[in-house]
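Peer 1: To be precise about what I am sending: the file is called entry_19.tsv and holds TSV, C-alpha atoms.
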chain	number	residue	atom	x	y	z
A	26	MET	CA	17.86	7.91	16.28
A	27	ALA	CA	14.51	7.81	14.55
A	28	THR	CA	13.72	10.53	12.07
A	29	VAL	CA	10.59	12.62	11.68
A	30	GLY	CA	9.29	10.64	8.68
A	31	ARG	CA	9.69	7.35	10.48
A	32	ASN	CA	7.82	8.50	13.59
A	33	VAL	CA	4.83	9.70	11.59
A	34	ALA	CA	4.80	6.93	8.96
A	35	ALA	CA	4.61	4.04	11.44
A	36	PRO	CA	1.15	4.83	12.91
A	37	LEU	CA	-0.12	5.75	9.44
A	38	LEU	CA	1.13	2.42	8.10
A	39	PHE	CA	-0.76	0.54	10.81
A	40	LEU	CA	-3.93	2.58	10.25
A	41	ASN	CA	-3.82	1.96	6.49
A	42	LEU	CA	-3.19	-1.75	7.04
A	43	VAL	CA	-6.29	-2.09	9.24
A	44	MET	CA	-8.38	-0.06	6.80
A	45	TYR	CA	-7.24	-2.16	3.82
A	46	PHE	CA	-8.23	-5.34	5.70
A	47	ILE	CA	-11.68	-3.85	6.36
A	48	VAL	CA	-12.06	-2.94	2.68
A	49	LEU	CA	-10.99	-6.44	1.66
A	50	GLY	CA	-13.57	-8.04	3.94
A	51	PHE	CA	-16.52	-5.85	3.00
A	52	ALA	CA	-15.71	-5.74	-0.73
A	53	SER	CA	-15.32	-9.54	-0.84
A	54	TRP	CA	-18.70	-9.99	0.86
A	55	CYS	CA	-20.36	-7.55	-1.55
A	56	LEU	CA	-18.76	-9.15	-4.61
A	57	ASN	CA	-19.89	-12.60	-3.46
A	58	ARG	CA	-23.47	-11.32	-3.13
A	59	PHE	CA	-23.25	-9.58	-6.50
A	60	ILE	CA	-21.99	-12.72	-8.27
A	61	ASN	CA	-24.72	-14.83	-6.65
A	62	GLY	CA	-27.32	-12.37	-7.91
A	63	GLN	CA	-28.46	-11.40	-4.43
A	64	THR	CA	-28.57	-7.66	-5.03
A	65	TYR	CA	-31.99	-7.52	-3.38
A	66	HIS	CA	-30.33	-7.97	0.03
A	67	PRO	CA	-31.23	-4.92	2.14
A	68	SER	CA	-27.63	-4.12	3.02
A	69	PHE	CA	-26.32	-4.38	-0.53
A	70	GLY	CA	-28.08	-2.85	-3.56
A	71	GLY	CA	-25.83	-1.50	-6.29
A	72	ASN	CA	-25.85	-0.04	-9.80
A	73	GLY	CA	-23.94	-0.33	-13.07
A	74	ALA	CA	-20.60	0.67	-11.57
A	75	THR	CA	-20.78	-1.74	-8.63
A	76	MET	CA	-19.03	-4.72	-10.26
A	77	PHE	CA	-16.08	-2.64	-11.46
A	78	PHE	CA	-15.86	-0.77	-8.18
A	79	LEU	CA	-15.77	-3.97	-6.13
A	80	ILE	CA	-13.13	-5.58	-8.32
A	81	PHE	CA	-10.86	-2.56	-8.11
A	82	SER	CA	-11.51	-2.24	-4.37
A	83	ILE	CA	-10.41	-5.84	-3.77
A	84	LEU	CA	-7.36	-5.34	-5.99
A	85	ALA	CA	-6.48	-2.11	-4.16
A	86	ALA	CA	-6.91	-3.81	-0.79
A	87	VAL	CA	-4.66	-6.74	-1.67
A	88	LEU	CA	-1.96	-4.48	-3.12
A	89	GLY	CA	-2.28	-2.16	-0.13
A	90	ILE	CA	-1.83	-5.00	2.34
A	91	VAL	CA	1.27	-6.26	0.53
A	92	SER	CA	2.56	-2.68	0.38
A	93	LYS	CA	2.13	-2.33	4.13
A	94	PHE	CA	4.12	-5.50	4.81
A	95	LEU	CA	7.01	-4.18	2.71
A	96	GLY	CA	6.56	-0.77	4.34
A	97	GLY	CA	6.87	-2.39	7.77
A	98	ASN	CA	10.14	-3.95	6.68
A	99	HIS	CA	11.32	-0.54	5.48
A	100	LEU	CA	10.37	1.12	8.76
A	101	ARG	CA	12.26	-1.59	10.63
A	102	THR	CA	15.48	-1.24	8.61
A	103	TRP	CA	15.06	2.39	7.42
A	104	ARG	CA	17.62	2.20	4.64
A	105	SER	CA	17.70	3.25	1.01
A	106	ASP	CA	17.59	-0.29	-0.34
A	107	SER	CA	14.38	-1.11	1.54
A	108	LEU	CA	12.91	2.21	0.42
A	109	ALA	CA	12.93	0.99	-3.17
A	110	SER	CA	10.59	-1.94	-2.55
A	111	ALA	CA	8.38	-0.05	-0.09
A	112	GLY	CA	8.14	2.95	-2.38
A	113	ALA	CA	7.41	0.98	-5.54
A	114	THR	CA	4.64	-1.09	-3.99
A	115	SER	CA	3.18	1.98	-2.28
A	116	ILE	CA	2.98	3.82	-5.59
A	117	VAL	CA	1.23	0.88	-7.26
A	118	ALA	CA	-1.16	0.46	-4.31
A	119	TRP	CA	-1.97	4.17	-4.35
A	120	ALA	CA	-2.56	4.14	-8.12
A	121	VAL	CA	-5.04	1.26	-7.91
A	122	THR	CA	-6.68	2.86	-4.86
A	123	ALA	CA	-7.05	6.07	-6.87
A	124	LEU	CA	-8.74	4.08	-9.65
A	125	ALA	CA	-11.12	2.58	-7.10
A	126	PHE	CA	-11.68	6.12	-5.77
A	127	GLY	CA	-12.78	7.23	-9.24
A	128	LEU	CA	-15.17	4.30	-9.49
A	129	ALA	CA	-16.54	5.08	-6.02
A	130	CYS	CA	-17.24	8.63	-7.14
A	131	LYS	CA	-18.94	7.30	-10.29
A	132	GLN	CA	-21.04	4.88	-8.24
A	133	ILE	CA	-22.13	7.68	-5.90
A	134	ASN	CA	-22.89	9.89	-8.90
A	135	ILE	CA	-25.06	7.25	-10.61
A	136	GLY	CA	-27.09	6.89	-7.44
A	137	GLY	CA	-29.75	4.30	-6.78
A	138	HIS	CA	-30.11	2.12	-3.72
A	139	ARG	CA	-26.78	1.29	-2.13
A	140	GLY	CA	-26.72	-0.63	1.11
A	141	TRP	CA	-24.64	0.23	4.12
A	142	ARG	CA	-21.90	-2.25	3.24
A	143	LEU	CA	-21.32	-0.64	-0.14
A	144	LYS	CA	-21.30	2.77	1.50
A	145	VAL	CA	-18.68	1.52	3.97
A	146	VAL	CA	-16.45	0.31	1.13
A	147	GLU	CA	-16.92	3.62	-0.71
A	148	ALA	CA	-16.06	5.64	2.39
A	149	PHE	CA	-12.98	3.58	3.22
A	150	ILE	CA	-11.68	3.77	-0.36
A	151	ILE	CA	-12.12	7.54	-0.37
A	152	ILE	CA	-10.29	7.87	2.96
A	153	LEU	CA	-7.55	5.42	1.93
A	154	THR	CA	-6.84	7.37	-1.25
A	155	PHE	CA	-5.70	10.34	0.81
A	156	THR	CA	-4.03	8.47	3.69
A	157	GLN	CA	-2.10	6.26	1.25
A	158	LEU	CA	-0.91	9.37	-0.60
A	159	LEU	CA	0.21	10.91	2.69
A	160	TYR	CA	2.04	7.68	3.61
A	161	LEU	CA	3.68	7.63	0.19
A	162	LEU	CA	4.90	11.19	0.61
A	163	LEU	CA	6.22	10.45	4.11
A	164	ILE	CA	8.37	7.51	3.08
A	165	HIS	CA	9.77	9.50	0.15
A	166	ALA	CA	10.46	12.59	2.28
A	167	GLY	CA	14.13	11.62	2.49
A	168	LEU	CA	14.58	12.92	-1.04
A	169	TYR	CA	14.42	16.45	0.30
A	170	SER	CA	16.33	16.15	3.57
A	171	SER	CA	18.08	13.36	5.45
A	172	ARG	CA	16.25	14.57	8.56
A	173	TYR	CA	13.03	13.04	7.19
A	174	GLY	CA	14.39	9.65	6.19
A	175	PRO	CA	16.77	7.77	3.96
A	176	GLY	CA	17.17	9.37	0.57
A	177	TYR	CA	18.25	7.78	-2.64
A	178	ARG	CA	21.77	9.11	-2.23
A	179	ASP	CA	22.54	7.46	1.12
A	180	THR	CA	25.26	4.90	0.50
A	181	ASP	CA	27.07	4.94	3.82
A	182	TYR	CA	25.62	1.66	5.07
A	183	GLY	CA	28.18	-0.34	3.07
A	184	VAL	CA	31.17	1.67	4.30
A	185	GLY	CA	33.56	0.21	6.81
A	186	GLY	CA	34.64	-2.98	5.10
A	187	THR	CA	37.88	-3.62	3.30
A	188	THR	CA	39.31	-1.06	0.97
A	189	GLY	CA	40.21	-1.80	-2.60
A	190	ASP	CA	38.85	-4.53	-4.81
A	191	PRO	CA	36.43	-7.04	-3.31
A	192	MET	CA	37.78	-10.56	-2.96
A	193	HIS	CA	36.03	-13.85	-3.41
A	194	LYS	CA	35.42	-16.23	-0.51
A	195	GLY	CA	38.49	-18.15	0.45
A	196	ALA	CA	40.67	-16.07	-1.82
A	197	GLY	CA	42.47	-14.10	0.88
A	198	VAL	CA	45.92	-15.34	-0.21
A	199	PRO	CA	46.37	-16.81	-3.67
A	200	ALA	CA	47.55	-20.40	-3.58
A	201	SER	CA	50.94	-21.02	-5.15
A	202	GLY	CA	51.22	-23.38	-8.04
A	203	THR	CA	47.65	-23.06	-9.25
A	204	ARG	CA	46.57	-22.08	-12.69
A	205	VAL	CA	43.67	-19.78	-13.10
The structure given in the file should be rewritten as structure tokens.
Peer 2:
Amino acid sequence: MATVGRNVAAPLLFLNLVMYFIVLGFASWCLNRFINGQTYHPSFGGNGATMFFLIFSILAAVLGIVSKFLGGNHLRTWRSDSLASAGATSIVAWAVTALAFGLACKQINIGGHRGWRLKVVEAFIIILTFTQLLYLLLIHAGLYSSRYGPGYRDTDYGVGGTTGDPMHKGAGVPASGTRV
């Protein structure tokens, strides 16, 4: 039976994945134009914070995409051991997205001509900061109740095997006459 956190996190994961791909595409295009010195392009523009903003946006997008792949694996298995990798990469992706959010705010504050592509990247980074935080809270909701997802204390997935000490492969019955 699926839990509440899993039902809400799955569509949010897909939405964030699509948005991170859009950020990666637009930020890569803008950075290419910026490196080539083509800031006079009507749909680009920029100011002193543009280079840093674009670099952190690309970094946030790549980490976000990787985080969503591990998050998809966690939603498929929905166990505590997959929560560790999904949670750790989601925290890192959110932290870098929050840094890009700060640079987006700085870029908006500085002002100047910014083309529509830069405004798209700014808007998506601002939106992703909050949706990534919401996703992060949803996959960690199992800490508070098992109704919301796997918590860190769930260890019942390994139960049901043999009792006692674990044995090595092929060591069911010790061979007689051997020295160990």
Peer 1: Which one of A:Phe39, A:Phe81, A:Phe155, A:Trp103 sits closest to Ser53 of chain A if you count only C-alpha atoms?
Peer 2: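 Of all the options, A:Phe81 lies closest to Ser53 of chain A.
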Peer 1: Given only C-alpha atoms as the basis, pick out the residue of A:Val43, A:Ala166, A:Leu37, A:Val145 nearest to Gly112 of chain A.
Peer 2: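 Checking each of A:Val43, A:Ala166, A:Leu37, A:Val145 against Gly112 of chain A, counting only C-alpha atoms, the winner is A:Ala166.
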Peer 1: Can you work out the spacing between atom CA of Ala129 of chain A and atom CA of Met76 of chain A in Å, to one decimal?
Peer 2: 11.0 Å
Peer 1: Using all atoms listed in the file, which residue out of A:Gly89, A:Gly137, A:Gly73, A:Gly127 lies closest to Phe46 of chain A?
Peer 2: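 Closest candidate: A:Gly89.
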Peer 1: Which residue gives the smallest distance to Arg58 of chain A among A:Ile151, A:Ala111, A:Arg142, A:Ser82, with all atoms listed in the file counted?
Peer 2: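 The answer is A:Arg142, which sits nearest to Arg58 of chain A.
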Peer 1: For each of A:His99, A:Ala52, A:Arg31, A:Phe59, take the minimum atom-to-atom distance to Leu143 of chain A, counting only C-alpha atoms, then give the residue where this is smallest.
Peer 2: A:Ala52
Peer 1: Regenerate segment 55-77 of chain A at the level of N, CA and C atoms and dump it as a short mmCIF file (atom, residue, chain, number, x, y, z; two decimals), in the coordinates of the input.
Peer 2:
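Saved as rebuild26.cif:
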data_model
loop_
_atom_site.label_atom_id
_atom_site.label_comp_id
_atom_site.auth_asym_id
_atom_site.auth_seq_id
_atom_site.Cartn_x
_atom_site.Cartn_y
_atom_site.Cartn_z
N CYS A 55 -19.48 -8.17 -0.56
CA CYS A 55 -20.36 -7.55 -1.55
C CYS A 55 -20.21 -8.20 -2.93
N LEU A 56 -18.97 -8.52 -3.32
CA LEU A 56 -18.76 -9.15 -4.61
C LEU A 56 -19.37 -10.54 -4.64
N ASN A 57 -19.28 -11.28 -3.54
CA ASN A 57 -19.89 -12.60 -3.46
C ASN A 57 -21.41 -12.48 -3.64
N ARG A 58 -22.03 -11.53 -2.97
CA ARG A 58 -23.47 -11.32 -3.13
C ARG A 58 -23.81 -10.89 -4.55
N PHE A 59 -22.98 -10.06 -5.15
CA PHE A 59 -23.25 -9.58 -6.50
C PHE A 59 -23.15 -10.72 -7.51
N ILE A 60 -22.15 -11.59 -7.36
CA ILE A 60 -21.99 -12.72 -8.27
C ILE A 60 -23.15 -13.70 -8.12
N ASN A 61 -23.60 -13.91 -6.89
CA ASN A 61 -24.72 -14.83 -6.65
C ASN A 61 -26.06 -14.24 -7.05
N GLY A 62 -26.09 -13.00 -7.49
CA GLY A 62 -27.32 -12.37 -7.91
C GLY A 62 -28.22 -11.97 -6.76
N GLN A 63 -27.67 -11.75 -5.60
CA GLN A 63 -28.46 -11.40 -4.43
C GLN A 63 -28.39 -9.90 -4.16
N THR A 64 -28.64 -9.11 -5.19
CA THR A 64 -28.57 -7.66 -5.03
C THR A 64 -29.80 -7.12 -4.32
N TYR A 65 -30.80 -7.96 -4.10
CA TYR A 65 -31.99 -7.52 -3.38
C TYR A 65 -31.78 -7.50 -1.88
N HIS A 66 -30.63 -7.97 -1.40
CA HIS A 66 -30.33 -7.97 0.03
C HIS A 66 -30.39 -6.53 0.54
N PRO A 67 -31.04 -6.29 1.68
CA PRO A 67 -31.23 -4.92 2.14
C PRO A 67 -29.95 -4.15 2.42
N SER A 68 -28.87 -4.83 2.72
CA SER A 68 -27.63 -4.12 3.02
C SER A 68 -26.68 -4.10 1.83
N PHE A 69 -27.20 -4.36 0.63
CA PHE A 69 -26.32 -4.38 -0.53
C PHE A 69 -26.76 -3.38 -1.60
N GLY A 70 -27.66 -3.73 -2.47
CA GLY A 70 -28.08 -2.85 -3.56
C GLY A 70 -27.04 -2.80 -4.65
N GLY A 71 -26.86 -1.66 -5.27
CA GLY A 71 -25.83 -1.50 -6.29
C GLY A 71 -26.38 -0.88 -7.55
N ASN A 72 -25.47 -0.59 -8.50
CA ASN A 72 -25.85 -0.04 -9.80
C ASN A 72 -24.85 -0.53 -10.83
N GLY A 73 -24.79 0.13 -11.98
CA GLY A 73 -23.94 -0.33 -13.07
C GLY A 73 -22.45 -0.29 -12.78
N ALA A 74 -22.03 0.55 -11.88
CA ALA A 74 -20.60 0.67 -11.57
C ALA A 74 -20.16 -0.24 -10.44
N THR A 75 -21.10 -0.96 -9.83
CA THR A 75 -20.78 -1.74 -8.63
C THR A 75 -19.76 -2.84 -8.90
N MET A 76 -19.94 -3.60 -9.97
CA MET A 76 -19.03 -4.72 -10.26
C MET A 76 -17.60 -4.23 -10.43
N PHE A 77 -17.42 -3.17 -11.23
CA PHE A 77 -16.08 -2.64 -11.46
C PHE A 77 -15.49 -2.05 -10.18
#
